[in-house]
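As structure tokens, the structure follows; a few thoughts come after it.
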There are 4 protein chains.
Amino acid sequence: MSVNRFGKILSVSTFGESHGPAIGCVIDGVPPGIAIAPEQFRHDLDRRATGKSRHTSQRHETDEIEILSGVYQGKTTGTALALLIRNTDARSKDYADIDAQFRPGHADYTYWQKYGIRDPNGGGRSSARETTMRVAAGVIAKAWLAQQFNITVRGYLSQLGPLKPRQHDWQVVETNPFFWPDPDMVTELEAYMDALRKSGDSIGAAVTVVAEGVPPGWGEPIYGKLDAEIALAMMSINAVKGVEIGDGFAAIEQKGSEHRDEMRPDGFLSNHAGGILGGISTGQTIRTRIAIKPTSSLRLPGQTVNTQGEPVEVITKGRHDPCVGIRATPIAEAMLALVLMDQAMRHRAQCGDVGVVAPRIPAGTDQE
Amino acid sequence: MSVNRFGKILSVSTFGESHGPAIGCVIDGVPPGIAIAPEQFRHDLDRRATGKSRHTSQRHETDEIEILSGVYQGKTTGTALALLIRNTDARSKDYADIDAQFRPGHADYTYWQKYGIRDPNGGGRSSARETTMRVAAGVIAKAWLAQQFNITVRGYLSQLGPLKPRQHDWQVVETNPFFWPDPDMVTELEAYMDALRKSGDSIGAAVTVVAEGVPPGWGEPIYGKLDAEIALAMMSINAVKGVEIGDGFAAIEQKGSEHRDEMRPDGFLSNHAGGILGGISTGQTIRTRIAIKPTSSLRLPGQTVNTQGEPVEVITKGRHDPCVGIRATPIAEAMLALVLMDQAMRHRAQCGDVGVVAPRIPAGTDQE
Amino acid sequence: MSVNRFGKILSVSTFGESHGPAIGCVIDGVPPGIAIAPEQFRHDLDRRATGKSRHTSQRHETDEIEILSGVYQGKTTGTALALLIRNTDARSKDYADIDAQFRPGHADYTYWQKYGIRDPNGGGRSSARETTMRVAAGVIAKAWLAQQFNITVRGYLSQLGPLKPRQHDWQVVETNPFFWPDPDMVTELEAYMDALRKSGDSIGAAVTVVAEGVPPGWGEPIYGKLDAEIALAMMSINAVKGVEIGDGFAAIEQKGSEHRDEMRPDGFLSNHAGGILGGISTGQTIRTRIAIKPTSSLRLPGQTVNTQGEPVEVITKGRHDPCVGIRATPIAEAMLALVLMDQAMRHRAQCGDVGVVAPRIPAGTDQE
Amino acid sequence: MSVNRFGKILSVSTFGESHGPAIGCVIDGVPPGIAIAPEQFRHDLDRRATGKSRHTSQRHETDEIEILSGVYQGKTTGTALALLIRNTDARSKDYADIDAQFRPGHADYTYWQKYGIRDPNGGGRSSARETTMRVAAGVIAKAWLAQQFNITVRGYLSQLGPLKPRQHDWQVVETNPFFWPDPDMVTELEAYMDALRKSGDSIGAAVTVVAEGVPPGWGEPIYGKLDAEIALAMMSINAVKGVEIGDGFAAIEQKGSEHRDEMRPDGFLSNHAGGILGGISTGQTIRTRIAIKPTSSLRLPGQTVNTQGEPVEVITKGRHDPCVGIRATPIAEAMLALVLMDQAMRHRAQCGDVGVVAPRIPAGTDQE
């Protein structure tokens, strides 16, 4: 089963508990000859890491990555590529109080129901700590997509609770701690988050991720659809409750004459589809947006039951993000990159490298 | 690859083009001993079928199903269960004009880009005709879930373009051609659809599906999450552009103290999560909602290119649904049932039948 | 699960019982653009068919194949390719006596133990009738391998009970009813089989299959090894009890200095390895040999139990092969072709079409 | 793809090069609640380890195993179980001479052809070092099979070059460095191996593995057959060239009346089938035998080519086993245990825990 594995031809198996000795992954099916060095993981791991600003969890993840196999003299060999990060700064004592309680809105209760046993420290396997390895694997996928196809995968926070960007500037996304595309609103976000943190509560968010430069023809119809696998990938990220492609839920109120993206030899006239039709890429920008729920680990007391079935009040200590959505941007980018690389390899398997047919029209009009 | 296959332990492989000789499926992994007869497929196939009212495509699908294997003396044997439906009432001449054109918003262009060849008649493999077999396979899943676990899977149209139900009555869902839960609005819907059909345009819709009675503990964490696989399943349905679980996109603006579902020994106090936490069922009602785009096959002319790359104007003849969302309800139900049955079997594989642990609290408060 | 499915990228799902309405298969992942017509299946289906000589079962399989999907205007479209054969000449009454008995050496008992239910007619799903669809799918694989890579897959009966060929002539293999490579022994084989049939007993056999022209580099190391997947494929054929690659069991008594195939720029000096090292093809001829047990369905009485657990004596009527090994040759060829095509596509997925590296030495010396 | 992964429900992904920083594995799908401690791996790792006697490679593998995840307070949690062993005593300088040469009979050439790059140190990924992790994973499978079903999996060296045991005593198998069941021959084996080592040559061998106590009904028909998956598992072990089940190749010359295992209420009268019929276990002892080729890494010079395609003479230094078959016994046991555990879980998925049907007859007569 794919409990801990993602992808079909390029597959990633992750392991590790939040407060266990280490987390890591095995990446299977990596094409040979990709140049990769430990320091290349740094950028995206830092973007995902906690403790970078006061707006995320104060656990300090240094996340020194070790390449255990699959790379020889700086290049991938085609064999299993394993990555390892030792856990540090784990404060399991924060969890002593709740090891016999189920936090409402958390996976505590469901893991217990499924397995009859759970590691309560830091959420154990259900912790977002696991997503570190998604980001690490995504680094390889992003590198391959960029080198082989000149594809860019990038994302931004597209909503923070009630706040929505009023303008879009890719340049500023990486210059503020929120991945926010509107430079005029950063102060407003900081104030909002400071107040929220003080209140002990948390808030939801939305992240948008795009892939530019994807050629037409990637994705498999029926049950291996590119959009369906994006949905699987995104919904597998902790706290995600919704996924949409292109116009998504807005399409409910659209007419067909408005939604269908007309085509001309010089390009598509719009991109309501989000770059995917019939589960296959059109050659336009692929766009997906995800809804992320507010963290359930709060300092505010809540009603719950303990492992004896008795009613108790729970207060979560530990170091938690008041908005997990903020750090979800690099994770969502990584998942989109992994889906695309896997689909590219699947396309190559069935249709070969020479699958290009005429006419191929340009991406044409798009919007942010 | 799972191009044409869905599910891991219980898997369904479908085949067939819209206007080819037949469509069918092979269901692998069916538990032995399930009582099943050809006539049991009738109810759901009729619900999905076209030609039942003036509001859906006028192609008349009689859909006589033949069981080719896997059933002996009225019971499943555990071996491959194959189903076949011969295609009738196919009017391929409707497609003669567009066999060298790409309908905007349709998979015509992407299949061509991927494979360099496509069957244009009725959309070939990309046609929603394929979903007939999803519904047929879903009949077996629904039967098994009901018999073994007393689980009910059912759905309704939760939005039609701008129209939303103002009340919810499960009783009336099956009594109108729209699967609409508000009896007072049916006339309004009919008027809306009549006007739309006259205009030659189409409209989007939303469908909500629920599963009641699912025990806690189903679903696999990390990459085999129950919600992630529901997202995969739903997004694999033709024309679906968005999926949400529980409160979905509304969670973006929720506080953690509002969203987390508190628990008491007598049950959960709410169900914002939609019955899933950490990818595993909580024992509450599982709820998912999907966004369905408006049909791209319109009588209204649109700009496109032909297979020579030249600009042309396209008008789609053939018999198309002005709102494909209407008939999506039984399809979405079938997909949810298939996901649940597969996850139930996966849970049994790893944790055995005796996975029940204390305390298990009741489903508690829910809402429609 | 892959109960009824074989292959990873190119996968074949078969269905159907021996005496049910039909048998068939769905082939997933077929590359687009392969020219294929129903009559192309004729040759190999005839080679496998019963009733062709007095030395095989007298059931007359006409095996008219129908292509249900995946082919448009004579070419594969890349979508699910489904094949169907209606069962004819089924004489289920032959099995009335044994529907409550377990034939010794047959799958009757184990299917019953696994599923608690079985279709006794003609062996139901456990019948070698299923292999018809392996042969049909193999036709597509053979065609693709020949067209794309000039690969030939062929086989012969390499032992019949105590009889072994004393010379090898590929030309005569197809000219006698035994797939026997030694023209001087055909009369001897006929006499042996006539005597055996009269005795009511059956006999084992061996089949050897080779693939010539396979480029180096196919096969995946560790758990996806080319030889391991050949072993899986061959052992999945009814009645096969052993598989060897190259020298196989003879390697037990060989020295390393004898077994290792030395290499020179003008080619390998020998082929003890059977064309595979480390699970990857060397560019030499791939050779595998399989052991096939004697049929367990005999006219000679045998001790067994019935479904009540009582001791009974069983005599099998029905029309059975006194040596199932004879007709196994085209089945084994088909399985080898399917493994190779799947591995070729997997290689292309990971390493691309441009995986050729210098130096590549010729196949060199080989032997039959 | 399953390049580096084995198993379907219980799956093992291994990683690591012979002389890289570490080897390890991720075991997915482990049932919760199995008691496991690092020291439990010691016994089987020691049995497989090199450097235990003068008859195996002199590399000293201390193989200290670290459990990185999936175990909490001494019990498996159902989440990904990761194991790690740091490599020590790696002498890569032994390989400096051959990093541009292809050893005949070795995977050097085929890895190079497939990937265009290879790690030559100690054979890199193609080294039998990888099998350490098979043995480690097998420890968990053996423990589960023993605890849940009272199943024993064990093996012995059944042939060493020309030498065959003349008697069988399970008691002595673990008391000599050869896993040899005949106590009277150990001195003879030592003399044989000493002479062989002095000559610089190597020799082939056979290993037999059995599983006692397997209930009837395990294994999936058609393409998931128990024997087919055993064949896959065994042939995936380095240097294995042949696999047989039960009588195997001896069945070629058997009559059906001899081969079929007759049944009586008090048990089977023989076990020619090796405990498997139609791909499903019969309840008898499961028996498989494998042929292992002689090591290709010899001190004796051999003809080959280098990476420039030029003819060269190769002499392998490094520390190699003169008979790799000797240490293959625990590896083959591990693979059989992993196949059985995976099949047990698959059976449970489809048929539930309550798959027991009457009549079930005892294992009855068997032989070694």
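We label chains A, B, ... in the order they appear in the structure tokens, count residues from 1 in each chain, and number ligands from 1 in the order shown.
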Within 8 Å of chain C: each chain B residue with its shortest pair, only C-alpha atoms, as a tab-separated table:
```
residue	atom	partner	partner_atom	distance
B:Met1	CA	C:Ile9	CA	4.9
B:Ser2	CA	C:Asp28	CA	7.8
B:Val3	CA	C:Asp28	CA	6.9
B:Asn4	CA	C:Ala80	CA	6.4
B:Lys8	CA	C:Met1	CA	5.9
B:Ile9	CA	C:Met1	CA	4.9
B:Leu10	CA	C:Met1	CA	7.3
B:Ser11	CA	C:Met1	CA	7.4
B:Ser13	CA	C:Val26	CA	7.5
B:Thr14	CA	C:Ala80	CA	7.5
B:Phe15	CA	C:Ala80	CA	5.3
B:Gly16	CA	C:Ser69	CA	4.9
B:Glu17	CA	C:Ser69	CA	6.2
B:Gly20	CA	C:Ser69	CA	6.4
B:Pro21	CA	C:Leu68	CA	5.7
B:Ala22	CA	C:Leu68	CA	5.9
B:Ile23	CA	C:Leu68	CA	7.5
B:Val26	CA	C:Phe15	CA	7.1
B:Asp28	CA	C:Asn4	CA	6.6
B:Gly29	CA	C:Met1	CA	6.8
B:Pro32	CA	C:Tyr115	CA	5.8
B:Gly33	CA	C:Ile117	CA	7.4
B:Leu68	CA	C:Pro21	CA	5.7
B:Ser69	CA	C:Gly16	CA	4.9
B:Gly70	CA	C:Gly16	CA	7.2
B:Tyr72	CA	C:Asp119	CA	6.1
B:Thr77	CA	C:Ile117	CA	5.9
B:Gly78	CA	C:Tyr115	CA	6.4
B:Thr79	CA	C:Arg125	CA	7.0
B:Ala80	CA	C:Phe15	CA	5.3
B:Leu81	CA	C:Phe15	CA	7.0
B:Ala82	CA	C:Phe15	CA	6.5
B:Tyr115	CA	C:Pro32	CA	5.8
B:Gly116	CA	C:Pro32	CA	7.6
B:Ile117	CA	C:Thr77	CA	5.9
B:Arg118	CA	C:Thr77	CA	6.1
B:Asp119	CA	C:Tyr72	CA	6.0
B:Arg125	CA	C:Thr79	CA	7.0
```
Generate the output file for the selected residues, N, CA and C atoms, as a CSV table (one decimal), in the first residue's frame.
```csv
chain,number,residue,atom,x,y,z
B,1,MET,N,0.6,1.2,-14.8
B,1,MET,CA,0.0,2.5,-14.4
B,1,MET,C,-1.5,2.3,-14.2
B,2,SER,N,-2.1,3.2,-13.5
B,2,SER,CA,-3.5,3.1,-13.2
B,2,SER,C,-4.3,4.1,-14.1
B,3,VAL,N,-3.9,4.1,-15.4
B,3,VAL,CA,-4.6,5.0,-16.3
B,3,VAL,C,-6.1,4.7,-16.3
B,4,ASN,N,-6.4,3.4,-16.4
B,4,ASN,CA,-7.8,3.0,-16.5
B,4,ASN,C,-8.2,2.2,-15.3
B,8,LYS,N,-7.0,0.1,-4.9
B,8,LYS,CA,-5.8,-0.6,-4.6
B,8,LYS,C,-6.0,-2.1,-4.3
B,9,ILE,N,-6.9,-2.4,-3.3
B,9,ILE,CA,-7.2,-3.8,-3.1
B,9,ILE,C,-8.4,-4.1,-3.8
B,10,LEU,N,-9.5,-3.3,-3.7
B,10,LEU,CA,-10.6,-3.4,-4.6
B,10,LEU,C,-10.3,-2.5,-5.8
B,11,SER,N,-10.0,-3.1,-6.9
B,11,SER,CA,-9.7,-2.2,-8.1
B,11,SER,C,-10.7,-2.4,-9.2
B,13,SER,N,-11.1,-1.7,-13.3
B,13,SER,CA,-10.5,-1.3,-14.6
B,13,SER,C,-11.6,-1.1,-15.6
B,14,THR,N,-11.7,0.1,-16.1
B,14,THR,CA,-12.8,0.3,-17.1
B,14,THR,C,-12.2,0.3,-18.5
B,15,PHE,N,-13.1,0.1,-19.5
B,15,PHE,CA,-12.7,0.2,-20.9
B,15,PHE,C,-13.9,0.7,-21.7
B,16,GLY,N,-13.6,1.1,-22.9
B,16,GLY,CA,-14.7,1.4,-23.8
B,16,GLY,C,-14.8,2.9,-24.3
B,17,GLU,N,-15.1,3.1,-25.5
B,17,GLU,CA,-15.3,4.4,-26.1
B,17,GLU,C,-16.8,4.7,-26.1
B,20,GLY,N,-17.9,3.2,-29.4
B,20,GLY,CA,-17.4,1.9,-29.8
B,20,GLY,C,-18.4,0.8,-29.6
B,21,PRO,N,-18.0,-0.4,-29.7
B,21,PRO,CA,-18.9,-1.5,-29.6
B,21,PRO,C,-19.5,-1.7,-28.2
B,22,ALA,N,-18.7,-1.4,-27.2
B,22,ALA,CA,-19.1,-1.7,-25.8
B,22,ALA,C,-18.3,-0.9,-24.8
B,23,ILE,N,-18.8,-0.8,-23.6
B,23,ILE,CA,-18.0,-0.4,-22.5
B,23,ILE,C,-18.1,-1.5,-21.4
B,26,VAL,N,-13.6,-4.5,-15.3
B,26,VAL,CA,-13.1,-5.7,-14.6
B,26,VAL,C,-12.9,-5.3,-13.1
B,28,ASP,N,-11.5,-6.2,-9.6
B,28,ASP,CA,-10.5,-7.2,-9.0
B,28,ASP,C,-10.5,-7.1,-7.5
B,29,GLY,N,-10.4,-8.2,-6.8
B,29,GLY,CA,-10.3,-8.2,-5.4
B,29,GLY,C,-11.7,-8.2,-4.7
B,32,PRO,N,-15.4,-12.8,-1.7
B,32,PRO,CA,-16.4,-13.8,-2.1
B,32,PRO,C,-17.7,-13.8,-1.3
B,33,GLY,N,-18.7,-14.3,-1.9
B,33,GLY,CA,-20.0,-14.5,-1.2
B,33,GLY,C,-20.9,-13.4,-1.2
B,68,LEU,N,-20.0,-11.1,-16.9
B,68,LEU,CA,-19.3,-12.1,-17.7
B,68,LEU,C,-18.5,-13.1,-16.9
B,69,SER,N,-18.2,-12.7,-15.7
B,69,SER,CA,-17.4,-13.6,-14.8
B,69,SER,C,-17.4,-13.2,-13.4
B,70,GLY,N,-17.0,-14.1,-12.5
B,70,GLY,CA,-16.8,-13.7,-11.1
B,70,GLY,C,-18.0,-14.0,-10.3
B,72,TYR,N,-21.0,-16.9,-9.4
B,72,TYR,CA,-21.4,-18.3,-9.6
B,72,TYR,C,-22.7,-18.6,-8.7
B,77,THR,N,-17.4,-14.9,-6.5
B,77,THR,CA,-16.5,-16.1,-6.1
B,77,THR,C,-15.2,-15.6,-5.7
B,78,GLY,N,-14.9,-14.3,-5.7
B,78,GLY,CA,-13.6,-13.8,-5.3
B,78,GLY,C,-12.7,-13.6,-6.5
B,79,THR,N,-13.1,-14.1,-7.7
B,79,THR,CA,-12.3,-14.0,-8.9
B,79,THR,C,-12.8,-12.7,-9.6
B,80,ALA,N,-12.0,-12.4,-10.7
B,80,ALA,CA,-12.3,-11.2,-11.5
B,80,ALA,C,-13.8,-11.1,-11.9
B,81,LEU,N,-14.4,-10.0,-11.5
B,81,LEU,CA,-15.8,-9.8,-11.9
B,81,LEU,C,-15.9,-8.8,-13.1
B,82,ALA,N,-16.3,-9.3,-14.2
B,82,ALA,CA,-16.4,-8.5,-15.4
B,82,ALA,C,-17.8,-8.1,-15.8
B,115,TYR,N,-1.4,11.6,-27.5
B,115,TYR,CA,-1.3,10.4,-28.2
B,115,TYR,C,-1.0,10.5,-29.7
B,116,GLY,N,-1.3,11.7,-30.3
B,116,GLY,CA,-1.2,11.9,-31.7
B,116,GLY,C,-2.3,11.2,-32.5
B,117,ILE,N,-3.3,10.8,-31.8
B,117,ILE,CA,-4.4,10.0,-32.4
B,117,ILE,C,-5.6,10.1,-31.4
B,118,ARG,N,-6.8,10.2,-32.0
B,118,ARG,CA,-8.0,10.2,-31.0
B,118,ARG,C,-9.2,9.7,-31.8
B,119,ASP,N,-10.1,9.1,-31.1
B,119,ASP,CA,-11.4,8.7,-31.6
B,119,ASP,C,-12.3,9.8,-31.3
B,125,ARG,N,-12.9,8.0,-25.7
B,125,ARG,CA,-12.6,7.6,-24.3
B,125,ARG,C,-12.9,8.7,-23.3
```
Determine which residues of region 116-268 of chain D DSSP labels as alpha helix (DSSP H) from the backbone of this structure, then write them out as number ranges by chain. D: 131-149, 170-173, 186-199, 226-235, 256-259
Dump of N, CA and C atoms for the selected residues, as a compact mmCIF listing (two decimals), in the first residue's frame:
```txt
# COMPACT_ATOMS: atom_id res chain seq x y z
N THR D 131 21.34 -7.21 0.75
CA THR D 131 20.51 -8.28 1.33
C THR D 131 20.49 -8.24 2.85
N THR D 132 21.40 -7.50 3.46
CA THR D 132 21.34 -7.31 4.91
C THR D 132 19.97 -6.80 5.32
N MET D 133 19.46 -5.88 4.54
CA MET D 133 18.17 -5.28 4.89
C MET D 133 17.00 -6.23 4.61
N ARG D 134 17.18 -7.15 3.68
CA ARG D 134 16.15 -8.17 3.47
C ARG D 134 16.06 -9.04 4.72
N VAL D 135 17.23 -9.39 5.24
CA VAL D 135 17.26 -10.21 6.45
C VAL D 135 16.64 -9.47 7.62
N ALA D 136 16.95 -8.19 7.74
CA ALA D 136 16.40 -7.40 8.84
C ALA D 136 14.88 -7.33 8.75
N ALA D 137 14.38 -7.04 7.55
CA ALA D 137 12.92 -6.98 7.38
C ALA D 137 12.30 -8.36 7.61
N GLY D 138 13.02 -9.38 7.21
CA GLY D 138 12.52 -10.73 7.40
C GLY D 138 12.36 -11.11 8.86
N VAL D 139 13.16 -10.50 9.71
CA VAL D 139 13.03 -10.77 11.15
C VAL D 139 11.64 -10.39 11.64
N ILE D 140 11.15 -9.26 11.16
CA ILE D 140 9.81 -8.83 11.56
C ILE D 140 8.75 -9.78 11.00
N ALA D 141 8.93 -10.18 9.76
CA ALA D 141 7.97 -11.11 9.14
C ALA D 141 7.96 -12.46 9.86
N LYS D 142 9.16 -12.96 10.14
CA LYS D 142 9.24 -14.24 10.86
C LYS D 142 8.56 -14.16 12.23
N ALA D 143 8.80 -13.05 12.93
CA ALA D 143 8.21 -12.87 14.25
C ALA D 143 6.69 -12.85 14.17
N TRP D 144 6.17 -12.13 13.20
CA TRP D 144 4.71 -12.02 13.05
C TRP D 144 4.09 -13.36 12.68
N LEU D 145 4.72 -14.05 11.74
CA LEU D 145 4.20 -15.36 11.33
C LEU D 145 4.22 -16.36 12.47
N ALA D 146 5.26 -16.30 13.27
CA ALA D 146 5.36 -17.22 14.41
C ALA D 146 4.32 -16.89 15.47
N GLN D 147 4.20 -15.60 15.79
CA GLN D 147 3.30 -15.18 16.85
C GLN D 147 1.83 -15.38 16.46
N GLN D 148 1.49 -14.99 15.25
CA GLN D 148 0.09 -15.01 14.83
C GLN D 148 -0.38 -16.39 14.36
N PHE D 149 0.52 -17.16 13.75
CA PHE D 149 0.09 -18.38 13.08
C PHE D 149 0.92 -19.61 13.43
N TRP D 170 17.80 -31.28 11.00
CA TRP D 170 17.62 -29.83 11.21
C TRP D 170 18.49 -29.33 12.36
N GLN D 171 18.74 -30.21 13.35
CA GLN D 171 19.48 -29.77 14.54
C GLN D 171 20.87 -29.25 14.21
N VAL D 172 21.51 -29.85 13.21
CA VAL D 172 22.91 -29.49 12.97
C VAL D 172 23.08 -28.32 12.00
N VAL D 173 21.99 -27.94 11.35
CA VAL D 173 22.09 -26.86 10.34
C VAL D 173 22.73 -25.60 10.91
N VAL D 186 30.67 -32.32 7.27
CA VAL D 186 31.19 -30.97 7.49
C VAL D 186 32.70 -30.88 7.22
N THR D 187 33.43 -31.89 7.65
CA THR D 187 34.87 -31.90 7.40
C THR D 187 35.16 -31.91 5.90
N GLU D 188 34.37 -32.69 5.18
CA GLU D 188 34.52 -32.75 3.73
C GLU D 188 34.27 -31.39 3.09
N LEU D 189 33.27 -30.68 3.59
CA LEU D 189 32.98 -29.36 3.05
C LEU D 189 34.11 -28.38 3.35
N GLU D 190 34.65 -28.49 4.54
CA GLU D 190 35.74 -27.57 4.89
C GLU D 190 36.94 -27.78 3.98
N ALA D 191 37.26 -29.03 3.74
CA ALA D 191 38.39 -29.33 2.86
C ALA D 191 38.12 -28.82 1.44
N TYR D 192 36.89 -29.02 0.98
CA TYR D 192 36.52 -28.57 -0.36
C TYR D 192 36.68 -27.06 -0.48
N MET D 193 36.19 -26.36 0.51
CA MET D 193 36.22 -24.90 0.46
C MET D 193 37.66 -24.37 0.59
N ASP D 194 38.46 -25.02 1.41
CA ASP D 194 39.85 -24.58 1.56
C ASP D 194 40.60 -24.71 0.23
N ALA D 195 40.39 -25.82 -0.43
CA ALA D 195 41.05 -26.03 -1.73
C ALA D 195 40.57 -25.01 -2.75
N LEU D 196 39.28 -24.78 -2.73
CA LEU D 196 38.69 -23.82 -3.68
C LEU D 196 39.27 -22.42 -3.46
N ARG D 197 39.34 -22.01 -2.21
CA ARG D 197 39.83 -20.67 -1.88
C ARG D 197 41.27 -20.52 -2.35
N LYS D 198 42.02 -21.57 -2.14
CA LYS D 198 43.42 -21.52 -2.57
C LYS D 198 43.53 -21.38 -4.09
N SER D 199 42.61 -22.01 -4.80
CA SER D 199 42.67 -21.98 -6.27
C SER D 199 42.27 -20.63 -6.84
N LEU D 226 1.00 -17.51 -5.03
CA LEU D 226 2.00 -17.65 -3.97
C LEU D 226 3.32 -18.17 -4.54
N ASP D 227 3.26 -19.17 -5.40
CA ASP D 227 4.51 -19.71 -5.96
C ASP D 227 5.17 -18.73 -6.91
N ALA D 228 4.35 -17.97 -7.65
CA ALA D 228 4.91 -16.98 -8.57
C ALA D 228 5.62 -15.87 -7.79
N GLU D 229 5.04 -15.48 -6.68
CA GLU D 229 5.68 -14.43 -5.88
C GLU D 229 6.91 -14.96 -5.13
N ILE D 230 6.90 -16.23 -4.78
CA ILE D 230 8.11 -16.83 -4.23
C ILE D 230 9.20 -16.83 -5.31
N ALA D 231 8.83 -17.16 -6.53
CA ALA D 231 9.81 -17.16 -7.62
C ALA D 231 10.40 -15.75 -7.83
N LEU D 232 9.53 -14.75 -7.81
CA LEU D 232 9.99 -13.36 -7.93
C LEU D 232 10.96 -13.03 -6.80
N ALA D 233 10.57 -13.39 -5.59
CA ALA D 233 11.37 -13.07 -4.41
C ALA D 233 12.73 -13.74 -4.47
N MET D 234 12.74 -15.00 -4.81
CA MET D 234 13.99 -15.76 -4.79
C MET D 234 14.90 -15.31 -5.93
N MET D 235 14.32 -15.12 -7.11
CA MET D 235 15.15 -14.73 -8.25
C MET D 235 15.68 -13.30 -8.08
N GLY D 256 1.42 -38.13 -14.06
CA GLY D 256 0.40 -37.47 -13.26
C GLY D 256 -0.04 -38.32 -12.08
N SER D 257 -0.10 -39.63 -12.28
CA SER D 257 -0.54 -40.51 -11.20
C SER D 257 0.48 -40.56 -10.06
N GLU D 258 1.70 -40.18 -10.39
CA GLU D 258 2.76 -40.15 -9.37
C GLU D 258 2.82 -38.77 -8.70
N HIS D 259 2.65 -37.74 -9.50
CA HIS D 259 2.88 -36.38 -9.00
C HIS D 259 1.72 -35.87 -8.13
```
Give me, as an MDAnalysis selection string, all polymer residues having an atom no more than 9 Å from Glu310 (chain B), counting only C-alpha atoms and skipping those fewer than 3 positions away in the same chain. (chainID A and resid 264:265 359) or (chainID B and resid 304:307)
What would the file look like if the residues just selected were written as a PDB file, in the first residue's frame with N, CA and C atoms?
```pdb
ATOM      1  N   ARG A 264      -6.698  30.103 -30.347  1.00  0.00           N
ATOM      2  CA  ARG A 264      -6.304  30.654 -31.638  1.00  0.00           C
ATOM      3  C   ARG A 264      -4.878  30.198 -31.925  1.00  0.00           C
ATOM      4  N   PRO A 265      -4.455  30.222 -33.174  1.00  0.00           N
ATOM      5  CA  PRO A 265      -3.086  29.775 -33.473  1.00  0.00           C
ATOM      6  C   PRO A 265      -2.031  30.491 -32.632  1.00  0.00           C
ATOM      7  N   PRO A 359      -0.798  20.556 -34.353  1.00  0.00           N
ATOM      8  CA  PRO A 359      -0.256  21.852 -34.000  1.00  0.00           C
ATOM      9  C   PRO A 359      -0.191  22.018 -32.490  1.00  0.00           C
TER      10      PRO A 359
ATOM     11  N   THR B 304     -11.491  28.318 -32.275  1.00  0.00           N
ATOM     12  CA  THR B 304     -10.558  27.231 -31.987  1.00  0.00           C
ATOM     13  C   THR B 304      -9.609  27.047 -33.167  1.00  0.00           C
ATOM     14  N   VAL B 305      -8.817  25.975 -33.103  1.00  0.00           N
ATOM     15  CA  VAL B 305      -7.943  25.629 -34.222  1.00  0.00           C
ATOM     16  C   VAL B 305      -8.317  24.224 -34.692  1.00  0.00           C
ATOM     17  N   ASN B 306      -7.925  23.881 -35.908  1.00  0.00           N
ATOM     18  CA  ASN B 306      -8.142  22.517 -36.376  1.00  0.00           C
ATOM     19  C   ASN B 306      -6.822  21.735 -36.316  1.00  0.00           C
ATOM     20  N   THR B 307      -6.876  20.510 -36.770  1.00  0.00           N
ATOM     21  CA  THR B 307      -5.668  19.671 -36.638  1.00  0.00           C
ATOM     22  C   THR B 307      -4.525  20.142 -37.533  1.00  0.00           C
TER      23      THR B 307
END
```
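CA of Gln284 (chain A) is found 23.4 Å from CA of Ile315 (chain B).
With only C-alpha atoms as the atoms that count, the residue of B:Arg103, B:His168, B:Arg348, B:Arg154 with the shortest distance to Ser297 (chain B) is B:Arg103.
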Between D:Ala332, D:Ala128, D:Val314, D:Ala273, which is the closest to Asp247 (chain D) once you count only C-alpha atoms? D:Ala273
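Summary of the local environment: counting only C-alpha atoms, residues at most 7 Å from Ala291 (chain A), other than itself and those fewer than 4 positions away along its chain, are Ala205, Ala206, Val207, Val240, Lys241, Gly242 and Val243 of chain A; Gly248, Phe249, Ala251 and Ile252 of chain B.
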Output as number ranges by chain all residues of region 199-364 of chain D that backbone DSSP marks as strand (DSSP E or B). D: 203, 205-212, 240-245, 255, 263-264, 267-268, 276-277, 280-281, 286-292, 302-306, 311-314
